[in-house]
Amino acid sequence: MSQNPRITFVDDDPRASELFARFAKTEGLTVHGFQSVSAAQTWLEKNATDLIISDLKMPGLSGLEFLQWVRSRDQTIPFVLITGFSTLDNAIDALRLGANDFIKKPYDIDELVKLAHRMLRPDAATEPDPNDVQRAMLGNSPAIAGVYRVIDKIRDVRINVMIEGESGSGKELAARAIHDRSDFASKPYIVIDCGALTDTLLENELFGHEKGAYTGASSTKQGLLEVASGGTVFLDEIGNISDAMQVKLLRVIQEQQITRVGGVTPIKIDVRFIVASNRDLAQMVSEGSFRHDLYHRLHVVRLRIPPLRERREDIPILIDHFIRHFASRYNRPAERFEAGCLERMEHYHWPGNIRELKNMIERAVALSSGSEIRFDSESQTTPPWATALGRSPTTGAPDALDADYPTLDVLERRYIEKLLKEYEGNREKTAQTLGINKSTLWRKLQGYDQALADDLLP
């Protein structure tokens, strides 16, 4: 490998190549970007590369055809595929055909750069580097330090892990950190959102199917558990799966083998399961809505991710990181928030946790025009934390909250109702802005007012 690793990046959107190249350059990586597979092929006929990253769907030749072309010439070059959820089946085919990993759109540019480093140095996970986890989960508070310690202890032990925490608190970051620090970091890491799939779809995604298993099954398909063998599967929102799926998953975890839908032959797998839920699974077990035997199979190691309100001392670190990140992404001069904002942000309860903080900063930076982000312009929406101490962040003048502080629950409800009104009842946009999923928003609405929740049924 050359001193400055060379990456071939193929995406028909030139902005994607430009953005990745800019970020990769700061990491000592050289990126050669192309907008078509044919252009990349012409270049590769005469030049060497250390890593290939390609979009799946493009005009002309696809990323899958590109992979086959590369593998017919070289079996060793790491190949990463970029795919949307709707093309997940093709991504699985790509892994079977020799792709090393894939990343789903929309991806975080930092995650893509980190994945590139991992592909370029597959043995890096075995090199002791105490800063790896900290880079994945920013902060130095006692609350987050405890998370670091647990991750460091279990990273190389092939043991099931249950991650608990509120929506947006960083459960997936923790899962990824566990995998990336393990001895099998170069193996697949696959995320499955159990809350987004019906039983039928989830079973098909996990176990795959045989040809003719059902109408439309025109060919055999490997399931994600089969594809991920040797690596890690992260099952997010596992508290949402049905009793029937709990039984099937328990059997898979116990026996480390699966049977495809419509098949009869067991297939051995070797997978570490990491699961997460924003619901209290222990409480669900006591209520009879989650199987106790599955719970104990998964609850070998419990890792609790603290909500942002329990690690307020990390907020300035996170703010600084996100401002720099999005200022670079959107080419903005933003460096800081206006005076008084930081104190209010530290006191705000952040119901959507880090995801809400990140989304808010991204929006503020994208709409900013100077080095200081201000909220007195028409382009900026006054955020909910602006009144957390009862004063305007721009004028410092007292507002109505000085007379009678509302509870955090009341503030949260006011903010949610404000967003629902702003988005004309669109729950998906409201949940995205809050940094929570739609099921969490639905439960909050039911807690406020069943009639309100019913009014917002799709």
# chains A, B, ... in the order shown; residues from 1 in each chain; ligands from 1

call {"tool": "select_by_dssp", "arguments": {"residues": "stretch 254-441 of chain A", "states": "helix (DSSP H, G or I)", "output": "ChimeraX atom specification"}}
result
/A:254-255,281-287,292-298,308-310,312-329,341-347,353-366,384-387,400-402,408-422,427-434,438-441

call {"tool": "select_by_dssp", "arguments": {"residues": "stretch 47-219 of chain A", "states": "strand (DSSP E or B)", "output": "JSON, numbers by chain"}}
result
{"A": [51, 52, 53, 54, 55, 79, 80, 81, 82, 83, 101, 102, 103, 104, 161, 162, 163, 164, 189, 190, 191, 192, 193, 208, 209]}

call {"tool": "atom_distance", "arguments": {"atom1": "atom CA of A:Val31", "atom2": "atom CA of A:Ile7"}}
result
4.8 Å

call {"tool": "residues_around", "arguments": {"residues": "A:Gly33", "least_positions_apart": "4", "cutoff": "10 Å", "atoms": "only C-alpha atoms", "output": "list in words"}}
result
Ile7, Thr8, Phe9, Val10, Asp11, Asp12, Pro14, Ala16, Ser17, Glu18, Phe20, Ala21, Ala39, Ala40, Ile53 and Ser54 of chain A

call {"tool": "write_last_selection", "arguments": {"atoms": "N, CA and C atoms", "output": "short mmCIF file (atom, residue, chain, number, x, y, z; two decimals), in the first residue's frame"}}
result
data_model
loop_
_atom_site.label_atom_id
_atom_site.label_comp_id
_atom_site.auth_asym_id
_atom_site.auth_seq_id
_atom_site.Cartn_x
_atom_site.Cartn_y
_atom_site.Cartn_z
N ILE A 7 -7.94 5.99 -2.80
CA ILE A 7 -9.31 5.48 -2.80
C ILE A 7 -9.99 5.85 -4.12
N THR A 8 -10.59 4.87 -4.75
CA THR A 8 -11.40 5.11 -5.94
C THR A 8 -12.85 5.23 -5.49
N PHE A 9 -13.45 6.38 -5.72
CA PHE A 9 -14.82 6.66 -5.25
C PHE A 9 -15.71 6.90 -6.47
N VAL A 10 -16.78 6.11 -6.58
CA VAL A 10 -17.66 6.20 -7.74
C VAL A 10 -19.08 6.52 -7.31
N ASP A 11 -19.59 7.65 -7.75
CA ASP A 11 -20.97 8.06 -7.47
C ASP A 11 -21.39 9.05 -8.55
N ASP A 12 -22.56 8.87 -9.12
CA ASP A 12 -22.99 9.75 -10.20
C ASP A 12 -23.30 11.17 -9.70
N PRO A 14 -21.76 14.30 -8.27
CA PRO A 14 -20.41 14.85 -8.05
C PRO A 14 -20.23 15.46 -6.67
N ALA A 16 -21.21 14.22 -3.87
CA ALA A 16 -20.82 13.15 -2.95
C ALA A 16 -19.31 12.92 -3.00
N SER A 17 -18.76 12.89 -4.21
CA SER A 17 -17.31 12.70 -4.37
C SER A 17 -16.53 13.87 -3.78
N GLU A 18 -17.00 15.09 -4.06
CA GLU A 18 -16.31 16.28 -3.56
C GLU A 18 -16.29 16.32 -2.04
N PHE A 20 -16.68 13.75 0.12
CA PHE A 20 -15.85 12.68 0.67
C PHE A 20 -14.37 13.01 0.48
N ALA A 21 -14.01 13.53 -0.68
CA ALA A 21 -12.61 13.86 -0.94
C ALA A 21 -12.10 14.92 0.03
N ALA A 39 -15.89 5.22 -16.40
CA ALA A 39 -14.77 6.14 -16.20
C ALA A 39 -13.78 5.58 -15.18
N ALA A 40 -14.31 4.98 -14.12
CA ALA A 40 -13.45 4.38 -13.10
C ALA A 40 -12.68 3.19 -13.68
N ILE A 53 -14.79 2.44 -3.30
CA ILE A 53 -16.10 2.71 -2.71
C ILE A 53 -17.02 3.11 -3.86
N SER A 54 -18.13 2.41 -4.01
CA SER A 54 -19.00 2.66 -5.17
C SER A 54 -20.46 2.68 -4.77
#

call {"tool": "residues_around", "arguments": {"residues": "A:Asp270", "least_positions_apart": "3", "cutoff": "9 Å", "atoms": "only C-alpha atoms", "output": "short mmCIF file (atom, residue, chain, number, x, y, z; two decimals) with C-alpha atoms, in the first residue's frame"}}
result
data_model
loop_
_atom_site.label_atom_id
_atom_site.label_comp_id
_atom_site.auth_asym_id
_atom_site.auth_seq_id
_atom_site.Cartn_x
_atom_site.Cartn_y
_atom_site.Cartn_z
CA LEU A 225 -27.75 -13.47 9.60
CA GLU A 226 -26.14 -15.76 7.04
CA ALA A 228 -23.12 -11.51 8.69
CA SER A 229 -21.59 -14.81 9.83
CA GLY A 230 -18.25 -14.11 11.47
CA GLY A 231 -19.29 -10.59 12.35
CA THR A 232 -21.90 -8.65 14.30
CA GLN A 256 -26.35 -20.52 16.04
CA GLN A 257 -28.07 -21.79 12.93
#

call {"tool": "residues_around", "arguments": {"residues": "stretch 262-269 of chain A", "least_positions_apart": "5", "cutoff": "12 Å", "atoms": "only C-alpha atoms", "output": "ChimeraX atom specification"}}
result
/A:203-204,206-215,217,219-233,251-257

call {"tool": "write_last_selection", "arguments": {"atoms": "N, CA and C atoms", "output": "mmCIF file, in the first residue's frame"}}
result
data_model
loop_
_atom_site.group_PDB
_atom_site.id
_atom_site.type_symbol
_atom_site.label_atom_id
_atom_site.label_comp_id
_atom_site.auth_asym_id
_atom_site.auth_seq_id
_atom_site.Cartn_x
_atom_site.Cartn_y
_atom_site.Cartn_z
ATOM 1 N N GLU A 203 -38.589 -11.614 9.088
ATOM 2 C CA GLU A 203 -38.176 -13.010 8.933
ATOM 3 C C GLU A 203 -37.425 -13.203 7.623
ATOM 4 N N ASN A 204 -37.925 -12.590 6.563
ATOM 5 C CA ASN A 204 -37.292 -12.713 5.255
ATOM 6 C C ASN A 204 -35.907 -12.068 5.250
ATOM 7 N N LEU A 206 -33.933 -11.532 7.938
ATOM 8 C CA LEU A 206 -33.021 -12.242 8.838
ATOM 9 C C LEU A 206 -32.594 -13.598 8.294
ATOM 10 N N PHE A 207 -33.563 -14.374 7.801
ATOM 11 C CA PHE A 207 -33.298 -15.771 7.458
ATOM 12 C C PHE A 207 -33.146 -16.028 5.966
ATOM 13 N N GLY A 208 -33.599 -15.092 5.114
ATOM 14 C CA GLY A 208 -33.555 -15.334 3.684
ATOM 15 C C GLY A 208 -34.662 -16.285 3.257
ATOM 16 N N HIS A 209 -34.657 -16.682 1.989
ATOM 17 C CA HIS A 209 -35.685 -17.616 1.517
ATOM 18 C C HIS A 209 -35.147 -18.473 0.380
ATOM 19 N N GLU A 210 -35.803 -19.600 0.179
ATOM 20 C CA GLU A 210 -35.484 -20.481 -0.935
ATOM 21 C C GLU A 210 -36.335 -20.097 -2.144
ATOM 22 N N LYS A 211 -35.868 -20.451 -3.311
ATOM 23 C CA LYS A 211 -36.627 -20.206 -4.531
ATOM 24 C C LYS A 211 -37.983 -20.904 -4.445
ATOM 25 N N GLY A 212 -39.050 -20.153 -4.731
ATOM 26 C CA GLY A 212 -40.392 -20.722 -4.699
ATOM 27 C C GLY A 212 -41.010 -20.778 -3.320
ATOM 28 N N ALA A 213 -40.353 -20.162 -2.323
ATOM 29 C CA ALA A 213 -40.889 -20.200 -0.955
ATOM 30 C C ALA A 213 -42.249 -19.519 -0.875
ATOM 31 N N TYR A 214 -42.456 -18.519 -1.705
ATOM 32 C CA TYR A 214 -43.738 -17.818 -1.761
ATOM 33 C C TYR A 214 -43.829 -17.123 -3.114
ATOM 34 N N THR A 215 -45.001 -16.614 -3.425
ATOM 35 C CA THR A 215 -45.207 -15.934 -4.700
ATOM 36 C C THR A 215 -44.238 -14.760 -4.837
ATOM 37 N N ALA A 217 -40.917 -15.198 -5.035
ATOM 38 C CA ALA A 217 -39.570 -15.649 -4.659
ATOM 39 C C ALA A 217 -38.968 -16.412 -5.830
ATOM 40 N N SER A 219 -35.899 -16.509 -6.877
ATOM 41 C CA SER A 219 -34.547 -17.027 -6.693
ATOM 42 C C SER A 219 -34.242 -17.141 -5.205
ATOM 43 N N THR A 220 -33.233 -17.922 -4.892
ATOM 44 C CA THR A 220 -32.815 -18.081 -3.501
ATOM 45 C C THR A 220 -32.127 -16.805 -3.011
ATOM 46 N N LYS A 221 -32.409 -16.440 -1.769
ATOM 47 C CA LYS A 221 -31.819 -15.230 -1.199
ATOM 48 C C LYS A 221 -31.225 -15.542 0.168
ATOM 49 N N GLN A 222 -29.980 -15.143 0.376
ATOM 50 C CA GLN A 222 -29.362 -15.282 1.685
ATOM 51 C C GLN A 222 -29.946 -14.253 2.647
ATOM 52 N N GLY A 223 -30.128 -14.655 3.903
ATOM 53 C CA GLY A 223 -30.586 -13.726 4.918
ATOM 54 C C GLY A 223 -29.424 -12.960 5.518
ATOM 55 N N LEU A 224 -29.747 -11.888 6.225
ATOM 56 C CA LEU A 224 -28.702 -11.052 6.810
ATOM 57 C C LEU A 224 -27.881 -11.798 7.854
ATOM 58 N N LEU A 225 -28.502 -12.717 8.597
ATOM 59 C CA LEU A 225 -27.754 -13.474 9.602
ATOM 60 C C LEU A 225 -26.727 -14.382 8.941
ATOM 61 N N GLU A 226 -27.068 -14.909 7.778
ATOM 62 C CA GLU A 226 -26.141 -15.755 7.038
ATOM 63 C C GLU A 226 -24.998 -14.919 6.472
ATOM 64 N N VAL A 227 -25.333 -13.769 5.920
ATOM 65 C CA VAL A 227 -24.327 -12.877 5.341
ATOM 66 C C VAL A 227 -23.372 -12.357 6.416
ATOM 67 N N ALA A 228 -23.911 -12.113 7.615
ATOM 68 C CA ALA A 228 -23.117 -11.514 8.694
ATOM 69 C C ALA A 228 -22.270 -12.523 9.454
ATOM 70 N N SER A 229 -22.324 -13.779 9.083
ATOM 71 C CA SER A 229 -21.592 -14.811 9.825
ATOM 72 C C SER A 229 -20.113 -14.440 9.950
ATOM 73 N N GLY A 230 -19.612 -14.527 11.173
ATOM 74 C CA GLY A 230 -18.250 -14.114 11.467
ATOM 75 C C GLY A 230 -18.171 -12.714 12.031
ATOM 76 N N GLY A 231 -19.277 -11.969 11.902
ATOM 77 C CA GLY A 231 -19.288 -10.587 12.352
ATOM 78 C C GLY A 231 -20.340 -10.306 13.404
ATOM 79 N N THR A 232 -20.966 -9.135 13.292
ATOM 80 C CA THR A 232 -21.904 -8.652 14.304
ATOM 81 C C THR A 232 -23.219 -8.246 13.666
ATOM 82 N N VAL A 233 -24.320 -8.601 14.326
ATOM 83 C CA VAL A 233 -25.644 -8.128 13.923
ATOM 84 C C VAL A 233 -26.198 -7.278 15.059
ATOM 85 N N ARG A 251 -34.368 -19.415 19.171
ATOM 86 C CA ARG A 251 -33.822 -20.663 18.636
ATOM 87 C C ARG A 251 -32.526 -20.409 17.870
ATOM 88 N N VAL A 252 -32.495 -19.325 17.114
ATOM 89 C CA VAL A 252 -31.295 -18.987 16.346
ATOM 90 C C VAL A 252 -30.127 -18.687 17.279
ATOM 91 N N ILE A 253 -30.375 -17.929 18.333
ATOM 92 C CA ILE A 253 -29.310 -17.559 19.268
ATOM 93 C C ILE A 253 -28.792 -18.788 20.013
ATOM 94 N N GLN A 254 -29.693 -19.677 20.391
ATOM 95 C CA GLN A 254 -29.299 -20.877 21.120
ATOM 96 C C GLN A 254 -28.480 -21.828 20.253
ATOM 97 N N GLU A 255 -28.909 -22.014 19.013
ATOM 98 C CA GLU A 255 -28.313 -23.036 18.156
ATOM 99 C C GLU A 255 -27.289 -22.486 17.177
ATOM 100 N N GLN A 256 -27.240 -21.152 17.019
ATOM 101 C CA GLN A 256 -26.351 -20.521 16.039
ATOM 102 C C GLN A 256 -26.511 -21.165 14.657
ATOM 103 N N GLN A 257 -27.768 -21.327 14.274
ATOM 104 C CA GLN A 257 -28.071 -21.790 12.931
ATOM 105 C C GLN A 257 -29.447 -21.275 12.518
#

call {"tool": "residues_around", "arguments": {"residues": "A:Lys114", "least_positions_apart": "4", "cutoff": "10 Å", "atoms": "only C-alpha atoms", "output": "PyMOL selection string"}}
result
chain A and resi 24+27+108-110+118-120+136+180

call {"tool": "write_last_selection", "arguments": {"atoms": "C-alpha atoms", "output": "mmCIF file, in the first residue's frame"}}
result
data_model
loop_
_atom_site.group_PDB
_atom_site.id
_atom_site.type_symbol
_atom_site.label_atom_id
_atom_site.label_comp_id
_atom_site.auth_asym_id
_atom_site.auth_seq_id
_atom_site.Cartn_x
_atom_site.Cartn_y
_atom_site.Cartn_z
ATOM 1 C CA ALA A 24 -10.689 12.194 3.415
ATOM 2 C CA GLU A 27 -7.233 12.147 7.170
ATOM 3 C CA ASP A 108 -22.667 10.193 7.919
ATOM 4 C CA ILE A 109 -19.476 11.307 6.175
ATOM 5 C CA ASP A 110 -17.471 10.640 9.351
ATOM 6 C CA ARG A 118 -10.998 0.144 8.667
ATOM 7 C CA MET A 119 -10.939 -1.325 5.159
ATOM 8 C CA LEU A 120 -7.461 0.035 4.508
ATOM 9 C CA ALA A 136 -16.968 7.220 18.238
ATOM 10 C CA ASP A 180 -14.920 -1.834 15.473
#

call {"tool": "atom_distance", "arguments": {"atom1": "atom CA of A:Glu65", "atom2": "atom CA of A:His117"}}
result
24.4 Å
